file coords-v3.txt (compact mmCIF, C-alpha atoms)
# COMPACT_ATOMS: atom_id res chain seq x y z
CA MET K 30 0.00 0.00 0.00
CA ASP K 31 2.87 2.37 0.78
CA GLY K 32 4.22 1.69 -2.72
CA ASN K 33 0.90 2.82 -4.21
CA LYS K 34 1.00 5.94 -2.04
CA ASP K 35 4.48 6.88 -3.28
CA GLU K 36 3.45 6.29 -6.90
CA ALA K 37 0.30 8.38 -6.37
CA GLU K 38 2.39 11.25 -4.98
CA ARG K 39 4.65 11.01 -8.03
CA CYS K 40 1.63 11.23 -10.36
CA ILE K 41 0.37 14.31 -8.49
CA GLU K 42 3.74 16.05 -8.90
CA ILE K 43 3.70 15.27 -12.66
CA ALA K 44 0.17 16.68 -12.86
CA VAL K 45 1.22 19.89 -11.05
CA LYS K 46 4.11 20.34 -13.48
CA SER K 47 1.80 19.70 -16.45
CA LEU K 48 -0.63 22.35 -15.18
CA SER K 49 2.18 24.91 -15.00
CA GLU K 50 3.00 24.09 -18.64
CA GLY K 51 -0.63 24.38 -19.76
CA LYS K 52 -1.00 20.64 -20.48
CA ILE K 53 -4.51 20.24 -19.09
CA GLU K 54 -5.29 16.79 -20.49
CA ARG K 55 -2.02 15.34 -19.24
CA ALA K 56 -2.61 16.81 -15.78
CA ASP K 57 -6.15 15.38 -15.69
CA LYS K 58 -4.82 11.95 -16.74
CA PHE K 59 -2.21 11.76 -13.99
CA LEU K 60 -4.55 13.10 -11.30
CA ARG K 61 -7.09 10.38 -12.12
CA LYS K 62 -4.32 7.79 -12.07
CA ALA K 63 -3.22 9.03 -8.65
CA GLU K 64 -6.77 8.68 -7.35
CA SER K 65 -6.98 5.11 -8.63
CA LEU K 66 -3.68 4.16 -6.96
CA TYR K 67 -4.13 5.87 -3.58
CA PRO K 68 -7.02 8.33 -3.03
CA THR K 69 -5.88 11.58 -1.39
CA GLN K 70 -7.58 14.85 -0.58
CA ARG K 71 -4.93 16.77 -2.49
CA ALA K 72 -5.68 14.95 -5.75
CA LYS K 73 -9.45 15.41 -5.23
CA ASP K 74 -9.01 19.15 -4.67
CA LEU K 75 -6.85 19.55 -7.77
CA LEU K 76 -9.33 17.59 -9.91
CA ALA K 77 -12.17 19.74 -8.60
CA LYS K 78 -10.29 22.95 -9.39
CA LEU K 79 -9.36 21.63 -12.81
CA LYS K 80 -12.99 20.76 -13.54
CA ALA K 81 -14.19 24.15 -12.29
CA SER K 82 -11.63 25.94 -14.44
CA ALA K 83 -12.72 23.92 -17.48
CA HIS K 84 -16.39 24.86 -16.94
CA THR K 85 -15.49 28.53 -16.52
CA GLY K 86 -13.38 28.42 -19.67
CA ALA K 87 -16.21 26.81 -21.64
CA ALA K 88 -18.68 29.50 -20.54
CA ASP K 89 -16.36 32.42 -21.24
CA GLY K 90 -14.58 31.08 -24.31
CA SER K 91 -17.30 30.70 -26.97
CA ASN K 92 -14.91 32.21 -29.50
CA GLY K 93 -12.63 29.41 -30.71
CA THR K 94 -9.73 31.77 -31.42
CA ASP K 95 -9.55 32.63 -27.72
CA GLU K 96 -9.34 28.98 -26.62
CA GLY K 97 -5.56 29.08 -26.28
CA VAL K 98 -5.78 32.17 -24.06
CA HIS K 99 -8.45 30.57 -21.85
CA GLN K 100 -6.48 27.35 -21.68
CA ARG K 101 -3.39 29.17 -20.45
CA LYS K 102 -5.46 31.09 -17.90
CA ARG K 103 -6.97 27.85 -16.61
CA ALA K 104 -3.53 26.24 -16.48
CA ASN K 105 -2.02 29.19 -14.61
CA SER K 106 -4.91 29.28 -12.15
CA ALA K 107 -4.72 25.54 -11.50
CA SER K 108 -0.93 25.75 -11.31
CA ARG K 109 -1.09 28.49 -8.66
CA SER K 110 -3.57 26.42 -6.69
CA ALA K 111 -1.36 23.36 -7.01
CA LYS K 112 1.68 25.28 -5.85
CA ALA K 113 -0.26 26.60 -2.88
CA GLU K 114 -1.23 23.03 -2.05
CA SER K 115 2.38 21.86 -2.41
CA ALA K 116 3.71 24.59 -0.06
CA GLU K 117 2.80 22.50 2.96
CA PRO K 118 5.47 21.94 5.63
CA ASP K 119 7.60 18.84 5.10
CA TYR K 120 7.16 17.66 8.68
CA THR K 121 4.26 16.28 10.69
CA ASN K 122 2.61 17.67 13.80
CA ASP K 123 3.90 14.67 15.75
CA GLN K 124 7.49 15.48 14.73
CA LEU K 125 7.05 19.11 15.79
CA GLU K 126 5.55 18.07 19.13
CA VAL K 127 8.52 15.80 19.88
CA VAL K 128 10.90 18.72 19.25
CA LYS K 129 8.86 21.09 21.44
CA LYS K 130 8.70 18.53 24.23
CA VAL K 131 12.48 18.10 24.31
CA LYS K 132 13.12 21.85 24.18
CA LYS K 133 10.91 22.38 27.24
CA CYS K 134 12.99 19.99 29.35
CA LYS K 135 15.23 21.33 32.10
CA ASP K 136 17.62 18.41 32.64
CA TYR K 137 18.96 15.35 30.85
CA TYR K 138 16.74 12.87 32.69
CA GLU K 139 13.67 14.81 31.56
CA VAL K 140 15.05 14.97 27.99
CA LEU K 141 15.19 11.17 27.78
CA GLY K 142 12.02 10.68 29.81
CA VAL K 143 13.65 8.47 32.45
CA LYS K 144 13.94 8.56 36.23
CA LYS K 145 17.14 9.44 38.05
CA GLU K 146 17.40 5.80 39.14
CA ALA K 147 17.26 4.55 35.53
CA THR K 148 19.77 1.89 34.49
CA ASP K 149 22.12 2.19 31.51
CA SER K 150 19.94 -0.11 29.44
CA GLU K 151 16.83 1.99 30.15
CA ILE K 152 18.71 5.17 29.22
CA LYS K 153 20.01 3.65 25.97
CA LYS K 154 16.55 2.36 25.06
CA ALA K 155 15.03 5.82 25.61
CA TYR K 156 17.81 7.44 23.54
CA LYS K 157 17.33 5.09 20.59
CA LYS K 158 13.62 5.87 20.44
CA LEU K 159 14.13 9.66 20.56
CA ALA K 160 17.16 9.72 18.26
CA LEU K 161 15.24 7.99 15.47
CA GLN K 162 12.42 10.53 15.85
CA LEU K 163 14.69 13.61 15.95
CA HIS K 164 17.49 12.87 13.48
CA PRO K 165 17.68 15.91 11.14
CA ASP K 166 17.68 13.65 8.06
CA LYS K 167 14.23 12.40 9.09
CA ASN K 168 12.71 15.24 11.14
CA LYS K 169 12.59 18.59 9.30
CA ALA K 170 10.67 20.43 12.03
CA PRO K 171 12.22 23.70 13.33
CA GLY K 172 14.62 23.01 16.20
CA ALA K 173 15.04 19.29 15.41
CA ALA K 174 18.85 19.59 15.12
CA GLU K 175 19.11 21.23 18.56
CA ALA K 176 16.81 18.64 20.11
CA PHE K 177 18.85 15.85 18.48
CA LYS K 178 22.02 17.31 20.00
CA ALA K 179 20.33 17.50 23.41
CA VAL K 180 19.40 13.78 23.48
CA GLY K 181 22.94 12.94 22.29
CA ASN K 182 24.47 14.91 25.14
CA ALA K 183 22.03 13.32 27.56
CA VAL K 184 22.91 9.72 26.71
CA ALA K 185 26.65 10.48 26.59
CA ILE K 186 26.64 12.03 30.06
CA LEU K 187 24.20 9.63 31.76
CA THR K 188 25.89 6.44 30.48
CA ASP K 189 29.29 7.58 31.73
CA ALA K 190 29.49 6.70 35.42
CA GLU K 191 31.82 9.54 36.43
CA LYS K 192 30.12 12.24 34.35
CA ARG K 193 26.69 11.12 35.57
CA LYS K 194 27.88 11.40 39.17
CA GLN K 195 29.18 14.93 38.57
CA TYR K 196 25.99 15.88 36.73
CA ASP K 197 23.83 14.63 39.60
CA LEU K 198 25.93 16.67 42.05
CA TYR K 199 26.33 19.94 40.13
CA GLY K 200 24.14 19.89 37.04
CA SER K 201 20.92 21.22 38.59
CA GLN K 202 22.66 24.01 40.53
CA GLU K 203 24.66 25.11 37.49
CA GLN K 204 21.59 25.36 35.28
CA GLN K 205 19.80 27.50 37.91
CA ASN K 206 22.75 29.89 38.15
CA TYR K 207 22.98 30.11 34.38
CA THR K 208 19.28 30.84 33.97
CA ARG K 209 19.39 33.58 36.61
CA ARG K 210 22.28 35.31 34.81
CA HIS K 211 20.33 35.45 31.52
CA THR K 212 17.02 37.22 31.19
CA HIS K 213 16.12 35.03 28.20
CA TYR K 214 16.42 31.27 28.23
CA ASN K 215 19.19 30.08 25.97
CA GLU K 216 18.43 26.77 24.23
CA TYR K 217 19.61 23.79 26.26
CA ALA K 218 21.26 25.91 28.94
CA TYR K 219 21.21 22.86 31.21
CA SER K 220 23.82 21.19 29.00
CA ARG K 221 26.37 23.95 29.67
CA GLY K 222 29.43 22.36 31.22
CA PHE K 223 28.16 18.82 30.57
CA GLU K 224 28.77 18.25 26.87
CA SER K 225 29.70 14.98 25.18
CA ASP K 226 33.25 14.38 23.97
CA VAL K 227 31.87 13.30 20.57
CA THR K 228 29.18 14.85 18.37
CA ALA K 229 25.53 13.82 18.42
CA GLU K 230 25.95 12.40 14.90
CA GLU K 231 28.89 10.23 15.97
CA LEU K 232 26.92 8.95 18.97
CA PHE K 233 24.04 8.08 16.66
CA ASN K 234 26.39 6.13 14.38
CA ILE K 235 27.81 4.23 17.38
CA PHE K 236 24.33 3.15 18.48
CA PHE K 237 22.87 2.44 15.04
CA GLY K 238 25.91 1.45 12.99
CA GLY K 239 25.98 4.56 10.77
CA SER K 240 22.37 4.56 9.49
CA TYR K 241 22.67 8.20 8.43
CA PRO K 242 25.66 9.99 6.88
CA SER K 243 28.03 11.80 9.24
CA GLN K 244 28.65 15.53 9.07
CA ASN K 245 31.53 16.86 7.03
CA ILE K 246 34.66 16.67 9.19
CA TYR K 247 36.15 19.73 7.53
CA MET K 248 33.18 21.92 8.45
CA ARG K 249 33.41 20.89 12.10
CA GLN K 250 37.16 21.57 12.11
CA ARG K 251 36.66 25.03 10.61
CA ARG K 252 34.09 25.92 13.25
CA PHE K 253 36.43 24.69 15.98
CA ASN K 254 39.34 26.72 14.57
CA ARG K 255 37.25 29.90 14.39
CA GLN K 256 36.09 29.51 17.99
CA HIS K 257 39.63 28.81 19.16
CA GLU K 258 41.03 31.88 17.37
CA HIS K 259 38.27 34.08 18.81
CA GLN K 260 39.05 32.89 22.34
CA GLN K 261 42.76 33.55 21.85
CA ARG K 262 42.12 37.14 20.74
CA GLU K 263 40.06 37.81 23.86
CA GLN K 264 42.73 36.60 26.27
CA GLN K 265 45.00 39.10 28.01
CA PRO K 266 48.48 38.77 26.42
CA SER K 267 50.34 39.62 29.63
CA TYR K 268 49.07 36.52 31.43
CA ALA K 269 48.50 34.18 28.48
CA ALA K 270 51.96 32.60 28.53
CA PHE K 271 51.89 31.94 32.27
CA ILE K 272 48.34 30.56 32.19
CA ASN K 273 49.24 28.23 29.33
CA LEU K 274 52.31 26.94 31.17
CA LEU K 275 50.61 26.57 34.56
CA PRO K 276 48.86 23.22 33.83
CA ILE K 277 52.14 21.77 32.55
CA ILE K 278 53.99 22.89 35.69
CA LEU K 279 51.31 21.41 37.93
CA LEU K 280 51.29 18.16 35.95
CA ILE K 281 55.05 17.78 36.30
CA GLY K 282 54.87 18.49 40.03
CA LEU K 283 52.05 16.01 40.58
CA SER K 284 53.80 13.31 38.58
CA MET K 285 56.93 13.74 40.73
CA MET K 286 54.92 13.54 43.95
CA SER K 287 52.93 10.53 42.81
CA SER K 288 55.94 8.24 43.09
CA PHE K 289 56.02 8.91 46.85
CA PHE K 290 52.30 8.75 47.71
CA ILE K 291 50.50 6.64 45.09
CA SER K 292 50.73 2.86 45.25
CA ASP K 293 50.83 0.52 42.26
CA PRO K 294 47.53 0.06 40.41
CA ILE K 295 45.52 -3.10 41.09
CA TYR K 296 45.14 -4.08 37.45
CA SER K 297 46.30 -3.33 33.92
CA LEU K 298 44.48 -3.59 30.59
CA SER K 299 47.63 -4.89 28.92
CA PRO K 300 49.96 -7.68 30.09
CA SER K 301 53.40 -6.93 31.47
CA GLN K 302 56.06 -8.55 33.65
CA LYS K 303 54.38 -7.15 36.77
CA PHE K 304 50.78 -7.80 35.65
CA SER K 305 51.03 -11.30 34.24
CA VAL K 306 47.87 -13.08 35.50
CA ALA K 307 45.01 -12.84 32.97
CA ARG K 308 41.39 -12.43 34.07
CA LYS K 309 38.07 -11.49 32.43
CA THR K 310 35.18 -9.40 33.73
CA GLN K 311 31.88 -11.15 34.38
CA ASN K 312 29.71 -8.69 32.46
CA PHE K 313 31.43 -7.84 29.14
CA LYS K 314 34.22 -10.47 29.35
CA ILE K 315 36.86 -7.75 29.09
CA PRO K 316 40.40 -9.13 29.56
CA TYR K 317 42.58 -7.53 32.26
CA TYR K 318 45.75 -8.47 34.12
CA VAL K 319 46.68 -8.56 37.80
CA LYS K 320 49.75 -9.42 39.88
CA ASP K 321 50.66 -12.90 41.06
CA ASN K 322 49.62 -12.08 44.64
CA PHE K 323 46.22 -10.60 43.65
CA HIS K 324 44.12 -13.15 45.57
CA SER K 325 46.09 -12.74 48.80
CA GLU K 326 46.68 -8.96 48.67
CA TYR K 327 43.42 -7.53 47.25
CA GLN K 328 40.69 -7.28 49.91
CA GLY K 329 38.17 -5.12 48.07
CA SER K 330 35.10 -5.97 46.00
CA VAL K 331 35.94 -7.79 42.78
CA GLY K 332 32.63 -6.59 41.28
CA ARG K 333 33.55 -2.91 41.77
CA LEU K 334 37.05 -3.58 40.46
CA GLU K 335 35.69 -5.17 37.28
CA ALA K 336 33.23 -2.30 36.84
CA SER K 337 36.23 0.05 36.88
CA VAL K 338 38.03 -2.20 34.36
CA GLU K 339 35.05 -2.09 31.98
CA GLU K 340 34.70 1.67 32.35
CA ASP K 341 38.40 2.20 31.48
CA TYR K 342 38.13 -0.22 28.56
CA LEU K 343 35.02 1.48 27.12
CA THR K 344 36.61 4.92 27.51
CA ASN K 345 39.66 3.76 25.54
CA LEU K 346 37.37 2.23 22.89
CA LYS K 347 35.44 5.50 22.51
CA HIS K 348 38.63 7.47 21.88
CA SER K 349 39.92 4.86 19.44
CA CYS K 350 36.56 4.77 17.64
CA TYR K 351 36.57 8.54 17.32
CA ARG K 352 40.06 8.50 15.79
CA GLU K 353 39.08 5.72 13.35
CA ARG K 354 35.92 7.52 12.19
CA ASN K 355 37.77 10.82 11.98
CA TYR K 356 40.42 9.30 9.71
CA LYS K 357 37.84 7.54 7.52
CA GLU K 358 35.74 10.69 7.11
CA THR K 359 38.87 12.69 6.27
CA MET K 360 39.71 10.20 3.51
CA PHE K 361 36.16 10.43 2.14
CA ALA K 362 36.36 14.23 2.16
CA LYS K 363 39.67 14.21 0.29
CA ALA K 364 38.29 11.78 -2.28
CA ARG K 365 35.22 13.97 -2.89
CA ASN K 366 37.23 17.19 -3.05
CA PHE K 367 39.69 15.81 -5.61
CA GLY K 368 37.21 13.54 -7.44
CA ASP K 369 39.53 10.58 -6.84
CA ARG K 370 37.50 7.37 -7.27
CA ASP K 371 40.38 5.10 -6.21
CA LEU K 372 40.84 7.08 -3.02
CA TYR K 373 37.09 6.88 -2.41
CA HIS K 374 37.14 3.07 -2.70
CA LYS K 375 40.15 2.97 -0.42
CA ALA K 376 38.24 5.03 2.16
CA GLN K 377 35.29 2.64 1.90
CA ASN K 378 37.58 -0.29 2.77
CA ILE K 379 39.05 1.36 5.87
CA GLN K 380 38.07 -0.74 8.87
CA THR K 381 36.91 0.66 12.22
CA PRO K 382 37.43 -2.28 14.62
CA SER K 383 37.18 -0.18 17.77
CA CYS K 384 33.81 1.22 16.68
CA GLU K 385 32.53 -2.26 15.84
CA THR K 386 33.63 -3.60 19.24
CA LEU K 387 32.10 -0.59 21.03
CA HIS K 388 28.82 -0.97 19.13
CA ARG K 389 28.68 -4.67 20.02
CA LEU K 390 29.35 -4.08 23.72
CA LEU K 391 26.87 -1.21 24.06
CA ASN K 392 24.10 -3.25 22.49
CA GLN K 393 24.56 -6.43 24.49
call {"tool": "encode", "arguments": {"input": "coords-v3.txt", "output": "structure tokens"}}
result
Amino acid sequence: MDGNKDEAERCIEIAVKSLSEGKIERADKFLRKAESLYPTQRAKDLLAKLKASAHTGAADGSNGTDEGVHQRKRANSASRSAKAESAEPDYTNDQLEVVKKVKKCKDYYEVLGVKKEATDSEIKKAYKKLALQLHPDKNKAPGAAEAFKAVGNAVAILTDAEKRKQYDLYGSQEQQNYTRRHTHYNEYAYSRGFESDVTAEELFNIFFGGSYPSQNIYMRQRRFNRQHEHQQREQQPSYAAFINLLPIILLIGLSMMSSFFISDPIYSLSPSQKFSVARKTQNFKIPYYVKDNFHSEYQGSVGRLEASVEEDYLTNLKHSCYRERNYKETMFAKARNFGDRDLYHKAQNIQTPSCETLHRLLNQ
């Protein structure tokens, strides 16, 4: 039935074009064909207007030499009506309502429609449902891109244990302070300070395996460069050098002190002479390595330890996946810019093993 509907819409568009060209009989033919395939109100209205124009032309055009003039007038009138009919918005009321609902939300839990006690699986399930409804390639309603970014930030923050903890502690207070400082409400002010490390499009591709094309990597890089240059111009030059060096100085100092106060880690994600005993986590079966005396020396909870192992492993996978996608998209962009078909095929064959592993783990 959907196939008939698509074919009927195609016939209507041909009829509209024929009306604009003054081809009345051809327009009438395709409108009747559209009605036989899939009856719609639009086709009925156009047929009615076409019939009314024909009757008016017959009454006013008794002189045969004026028939061409009347025909063009009828065609132009029907064409204008058809164009007015075709100027309908290319989104549904349901799509617009979803966007409005997200934009009214004040925190990430409300964006996804979950409780603060929601599990990772419940959060991911809610994200998948909203992301499919809000993706800009599918939803053309005003504000859909911003709403899509909001649900992407929400799932990225709430599925990261550390970021979710920080958001629960400081997110609500920060949004209140931000709202008080601005007389008008800036879109998604509650996301300020709690943004994802990857874009909403890249998160969507991780969850759905790249169902929609990613954004152009060069455009994102240009925007980033412009923002960075603007920030540099605003900085005070007298303190810029010291401020830039301060984190490095602190990092060096902390690394020197760590050898005196920080003990050896409990585990390692890669084998070494010190961490030679292989183990696997119960949940995702992630391999990790411990010391020979692990069973006698470690007195803590193995479950919490393995949760930390999985968190570190997933974080490393996310960064690796981002680098793999970034490289692949860069190759595609170069191939398109230079029209190099061989380079394009080479880019198609670039593998993203980290992204595939991450996608598999997140959808278990």
call {"tool": "residues_near_point", "arguments": {"input": "coords-v3.txt", "point": "(36.1, -8.4, 29.3)", "cutoff": "12 Å", "atoms": "only C-alpha atoms", "output": "VMD selection string"}}
result
chain K and resid 298 307 to 318 335 to 343 386 390
call {"tool": "write_last_selection", "arguments": {"input": "coords-v3.txt", "atoms": "C-alpha atoms", "output": "CSV table (one decimal), keeping the file's coordinate frame"}}
result
chain,number,residue,atom,x,y,z
K,298,LEU,CA,44.5,-3.6,30.6
K,307,ALA,CA,45.0,-12.8,33.0
K,308,ARG,CA,41.4,-12.4,34.1
K,309,LYS,CA,38.1,-11.5,32.4
K,310,THR,CA,35.2,-9.4,33.7
K,311,GLN,CA,31.9,-11.2,34.4
K,312,ASN,CA,29.7,-8.7,32.5
K,313,PHE,CA,31.4,-7.8,29.1
K,314,LYS,CA,34.2,-10.5,29.4
K,315,ILE,CA,36.9,-7.8,29.1
K,316,PRO,CA,40.4,-9.1,29.6
K,317,TYR,CA,42.6,-7.5,32.3
K,318,TYR,CA,45.8,-8.5,34.1
K,335,GLU,CA,35.7,-5.2,37.3
K,336,ALA,CA,33.2,-2.3,36.8
K,337,SER,CA,36.2,0.0,36.9
K,338,VAL,CA,38.0,-2.2,34.4
K,339,GLU,CA,35.0,-2.1,32.0
K,340,GLU,CA,34.7,1.7,32.4
K,341,ASP,CA,38.4,2.2,31.5
K,342,TYR,CA,38.1,-0.2,28.6
K,343,LEU,CA,35.0,1.5,27.1
K,386,THR,CA,33.6,-3.6,19.2
K,390,LEU,CA,29.4,-4.1,23.7
call {"tool": "atom_distance", "arguments": {"input": "coords-v3.txt", "atom1": "CA of Val127 (chain K)", "atom2": "CA of Asn168 (chain K)"}}
result
9.7 Å
call {"tool": "residues_near_point", "arguments": {"input": "coords-v3.txt", "point": "(53.0, -6.5, 35.3)", "cutoff": "12 Å", "atoms": "only C-alpha atoms", "output": "VMD selection string"}}
result
chain K and resid 293 to 307 317 to 323
call {"tool": "atom_distance", "arguments": {"input": "coords-v3.txt", "atom1": "CA of Glu42 (chain K)", "atom2": "CA of Leu75 (chain K)"}}
result
11.2 Å
call {"tool": "axis_aligned_box", "arguments": {"input": "coords-v3.txt", "around": "region 183-193 of chain K", "padding_each_side": "4 Å", "output": "lines of an AutoDock Vina configuration file"}}
result
center_x = 26.9
center_y = 9.9
center_z = 31.5
size_x = 17.8
size_y = 14.9
size_z = 17.8
call {"tool": "atom_distance", "arguments": {"input": "coords-v3.txt", "atom1": "CA of Glu358 (chain K)", "atom2": "CA of Ala176 (chain K)"}}
result
24.3 Å
call {"tool": "closest_residue", "arguments": {"input": "coords-v3.txt", "among": "K:Leu79, K:Leu391, K:Glu231, K:Asn273", "to": "Arg55 (chain K)", "atoms": "only C-alpha atoms"}}
result
K:Leu79
call {"tool": "closest_residue", "arguments": {"input": "coords-v3.txt", "among": "K:Asn392, K:Gln162, K:Gln70, K:Asn33", "to": "Phe236 (chain K)", "atoms": "all atoms listed in the file"}}
result
K:Asn392
call {"tool": "residues_around", "arguments": {"input": "coords-v3.txt", "residues": "Lys62 (chain K)", "least_positions_apart": "5", "cutoff": "12 Å", "atoms": "all atoms listed in the file", "output": "PDB file with C-alpha atoms, in the frame of the given file"}}
result
ATOM      1  CA  ASN K  33       0.900   2.820  -4.210  1.00  0.00           C
ATOM      2  CA  LYS K  34       1.000   5.940  -2.040  1.00  0.00           C
ATOM      3  CA  GLU K  36       3.450   6.290  -6.900  1.00  0.00           C
ATOM      4  CA  ALA K  37       0.300   8.380  -6.370  1.00  0.00           C
ATOM      5  CA  GLU K  38       2.390  11.250  -4.980  1.00  0.00           C
ATOM      6  CA  ARG K  39       4.650  11.010  -8.030  1.00  0.00           C
ATOM      7  CA  CYS K  40       1.630  11.230 -10.360  1.00  0.00           C
ATOM      8  CA  ILE K  41       0.370  14.310  -8.490  1.00  0.00           C
ATOM      9  CA  GLU K  42       3.740  16.050  -8.900  1.00  0.00           C
ATOM     10  CA  ILE K  43       3.700  15.270 -12.660  1.00  0.00           C
ATOM     11  CA  ALA K  44       0.170  16.680 -12.860  1.00  0.00           C
ATOM     12  CA  ARG K  55      -2.020  15.340 -19.240  1.00  0.00           C
ATOM     13  CA  ALA K  56      -2.610  16.810 -15.780  1.00  0.00           C
ATOM     14  CA  ASP K  57      -6.150  15.380 -15.690  1.00  0.00           C
ATOM     15  CA  TYR K  67      -4.130   5.870  -3.580  1.00  0.00           C
ATOM     16  CA  PRO K  68      -7.020   8.330  -3.030  1.00  0.00           C
ATOM     17  CA  THR K  69      -5.880  11.580  -1.390  1.00  0.00           C
ATOM     18  CA  ALA K  72      -5.680  14.950  -5.750  1.00  0.00           C
ATOM     19  CA  LYS K  73      -9.450  15.410  -5.230  1.00  0.00           C
ATOM     20  CA  LEU K  76      -9.330  17.590  -9.910  1.00  0.00           C
TER      21      LEU K  76
END
call {"tool": "build_atoms", "arguments": {"input": "coords-v3.txt", "residues": "region 125-131 of chain K", "atoms": "all heavy atoms", "output": "mmCIF file, keeping the file's coordinate frame"}}
result
data_model
loop_
_atom_site.group_PDB
_atom_site.id
_atom_site.type_symbol
_atom_site.label_atom_id
_atom_site.label_comp_id
_atom_site.auth_asym_id
_atom_site.auth_seq_id
_atom_site.Cartn_x
_atom_site.Cartn_y
_atom_site.Cartn_z
ATOM 1 N N LEU K 125 6.890 17.806 15.146
ATOM 2 C CA LEU K 125 7.050 19.110 15.790
ATOM 3 C C LEU K 125 6.818 19.018 17.293
ATOM 4 O O LEU K 125 7.518 19.657 18.089
ATOM 5 C CB LEU K 125 6.089 20.112 15.151
ATOM 6 C CG LEU K 125 6.166 21.556 15.670
ATOM 7 C CD1 LEU K 125 7.558 22.130 15.430
ATOM 8 C CD2 LEU K 125 5.114 22.427 14.986
ATOM 9 N N GLU K 126 5.843 18.211 17.707
ATOM 10 C CA GLU K 126 5.550 18.070 19.130
ATOM 11 C C GLU K 126 6.711 17.421 19.877
ATOM 12 O O GLU K 126 7.007 17.779 21.017
ATOM 13 C CB GLU K 126 4.269 17.229 19.314
ATOM 14 C CG GLU K 126 2.987 17.958 18.955
ATOM 15 C CD GLU K 126 2.814 19.245 19.758
ATOM 16 O OE1 GLU K 126 3.054 19.208 20.976
ATOM 17 O OE2 GLU K 126 2.448 20.265 19.161
ATOM 18 N N VAL K 127 7.363 16.436 19.242
ATOM 19 C CA VAL K 127 8.520 15.800 19.880
ATOM 20 C C VAL K 127 9.622 16.827 20.116
ATOM 21 O O VAL K 127 10.245 16.869 21.187
ATOM 22 C CB VAL K 127 9.050 14.637 19.014
ATOM 23 C CG1 VAL K 127 10.352 14.100 19.582
ATOM 24 C CG2 VAL K 127 8.029 13.517 18.957
ATOM 25 N N VAL K 128 9.869 17.691 19.114
ATOM 26 C CA VAL K 128 10.900 18.720 19.250
ATOM 27 C C VAL K 128 10.540 19.686 20.376
ATOM 28 O O VAL K 128 11.374 20.012 21.233
ATOM 29 C CB VAL K 128 11.074 19.486 17.924
ATOM 30 C CG1 VAL K 128 12.017 20.674 18.105
ATOM 31 C CG2 VAL K 128 11.614 18.566 16.845
ATOM 32 N N LYS K 129 9.286 20.153 20.409
ATOM 33 C CA LYS K 129 8.860 21.090 21.440
ATOM 34 C C LYS K 129 8.979 20.473 22.834
ATOM 35 O O LYS K 129 9.377 21.144 23.798
ATOM 36 C CB LYS K 129 7.411 21.523 21.192
ATOM 37 C CG LYS K 129 7.241 22.440 19.991
ATOM 38 C CD LYS K 129 5.779 22.834 19.829
ATOM 39 C CE LYS K 129 5.598 23.803 18.671
ATOM 40 N NZ LYS K 129 4.165 24.182 18.501
ATOM 41 N N LYS K 130 8.633 19.203 22.939
ATOM 42 C CA LYS K 130 8.700 18.530 24.230
ATOM 43 C C LYS K 130 10.123 18.476 24.762
ATOM 44 O O LYS K 130 10.373 18.744 25.942
ATOM 45 C CB LYS K 130 8.137 17.110 24.104
ATOM 46 C CG LYS K 130 8.087 16.351 25.410
ATOM 47 C CD LYS K 130 7.474 14.980 25.210
ATOM 48 C CE LYS K 130 7.456 14.203 26.530
ATOM 49 N NZ LYS K 130 6.887 12.848 26.347
ATOM 50 N N VAL K 131 11.076 18.163 23.886
ATOM 51 C CA VAL K 131 12.480 18.100 24.310
ATOM 52 C C VAL K 131 12.980 19.482 24.690
ATOM 53 O O VAL K 131 13.693 19.656 25.685
ATOM 54 C CB VAL K 131 13.346 17.487 23.191
ATOM 55 C CG1 VAL K 131 14.826 17.616 23.519
ATOM 56 C CG2 VAL K 131 12.985 16.026 22.981
#
